[in-house]
Amino acid sequence: MNILLDEETNPGPRAVIGALLAAGGHADIAVSHVRLAAIDLTDLEMAGVLSCRILLDRLDAHLLTDRGDTGDVVRFRALLRFVESGRVEIRSAGVAAWVPDFSIYRELRQSRDGPEAVCL
């Protein structure tokens, strides 16, 4: 089953990605640009993920400066716990013209009508 998400999708991409991560299993994500300050995944959403491979073109680490607000720090701590768990592998593509944007979720726990793999 393939699902295409955009800003018009209901529920939105944030809700769908959070639900897929919460279903556990493995995630392979390729995105061109990540802003750490925009990541708001919870510990519960990341708890069941056995492995997560992320391929990036660029990482905006503004959150790591002292300009982040309290909400940023709380979100960053949850993300840091996930990375420190050893279940995350992050790589940079290193190619200037590369613009990926896809995710693959595998071995999700079965729900009533949930697929075993979803591509976004």
# chains A, B, ... in the order shown; residues from 1 in each chain; ligands from 1
call {"tool": "residues_around", "arguments": {"residues": "Arg14 (chain A)", "least_positions_apart": "2", "cutoff": "12 Å", "atoms": "only C-alpha atoms", "output": "ChimeraX atom specification"}}
result
/A:5-12,16-21,38-42,45,120
call {"tool": "residues_around", "arguments": {"residues": "Ala93 (chain A)", "least_positions_apart": "2", "cutoff": "7 Å", "atoms": "only C-alpha atoms", "output": "list of chain:residue names"}}
result
A:Leu55, A:Leu56, A:Asp57, A:Arg91, A:Val95
call {"tool": "write_last_selection", "arguments": {"atoms": "N, CA, C and O atoms", "output": "PDB file, in the first residue's frame"}}
result
ATOM      1  N   LEU A  55      18.557   9.364   5.986  1.00  0.00           N
ATOM      2  CA  LEU A  55      19.514   9.899   5.024  1.00  0.00           C
ATOM      3  C   LEU A  55      19.143  11.353   4.777  1.00  0.00           C
ATOM      4  O   LEU A  55      18.015  11.662   4.390  1.00  0.00           O
ATOM      5  N   LEU A  56      20.084  12.264   5.056  1.00  0.00           N
ATOM      6  CA  LEU A  56      19.833  13.697   4.969  1.00  0.00           C
ATOM      7  C   LEU A  56      20.703  14.357   3.921  1.00  0.00           C
ATOM      8  O   LEU A  56      21.823  13.930   3.683  1.00  0.00           O
ATOM      9  N   ASP A  57      20.180  15.427   3.367  1.00  0.00           N
ATOM     10  CA  ASP A  57      21.006  16.320   2.573  1.00  0.00           C
ATOM     11  C   ASP A  57      21.552  17.417   3.487  1.00  0.00           C
ATOM     12  O   ASP A  57      22.718  17.749   3.437  1.00  0.00           O
ATOM     13  N   ARG A  91      22.874   9.467   8.269  1.00  0.00           N
ATOM     14  CA  ARG A  91      23.940   9.697   7.293  1.00  0.00           C
ATOM     15  C   ARG A  91      23.611  10.901   6.446  1.00  0.00           C
ATOM     16  O   ARG A  91      22.450  11.240   6.252  1.00  0.00           O
ATOM     17  N   VAL A  95      25.773  14.977  -1.549  1.00  0.00           N
ATOM     18  CA  VAL A  95      25.627  15.358  -2.953  1.00  0.00           C
ATOM     19  C   VAL A  95      24.823  16.656  -2.998  1.00  0.00           C
ATOM     20  O   VAL A  95      23.712  16.718  -2.505  1.00  0.00           O
TER      21      VAL A  95
END
call {"tool": "atom_distance", "arguments": {"atom1": "CA of Ser85 (chain A)", "atom2": "CA of Leu50 (chain A)"}}
result
9.9 Å
call {"tool": "residues_around", "arguments": {"residues": "Leu44 (chain A)", "least_positions_apart": "3", "cutoff": "8 Å", "atoms": "only C-alpha atoms", "output": "ChimeraX atom specification"}}
result
/A:22,47-48
call {"tool": "closest_residue", "arguments": {"among": "A:Phe76, A:Ile90, A:Val31, A:Asp101", "to": "Ile54 (chain A)", "atoms": "only C-alpha atoms"}}
result
A:Ile90
call {"tool": "closest_residue", "arguments": {"among": "A:Met46, A:Gly86, A:Arg106, A:Val99", "to": "His33 (chain A)", "atoms": "only C-alpha atoms"}}
result
A:Val99
call {"tool": "closest_residue", "arguments": {"among": "A:Arg81, A:Ser51, A:Leu4, A:Arg58", "to": "His26 (chain A)", "atoms": "only C-alpha atoms"}}
result
A:Ser51
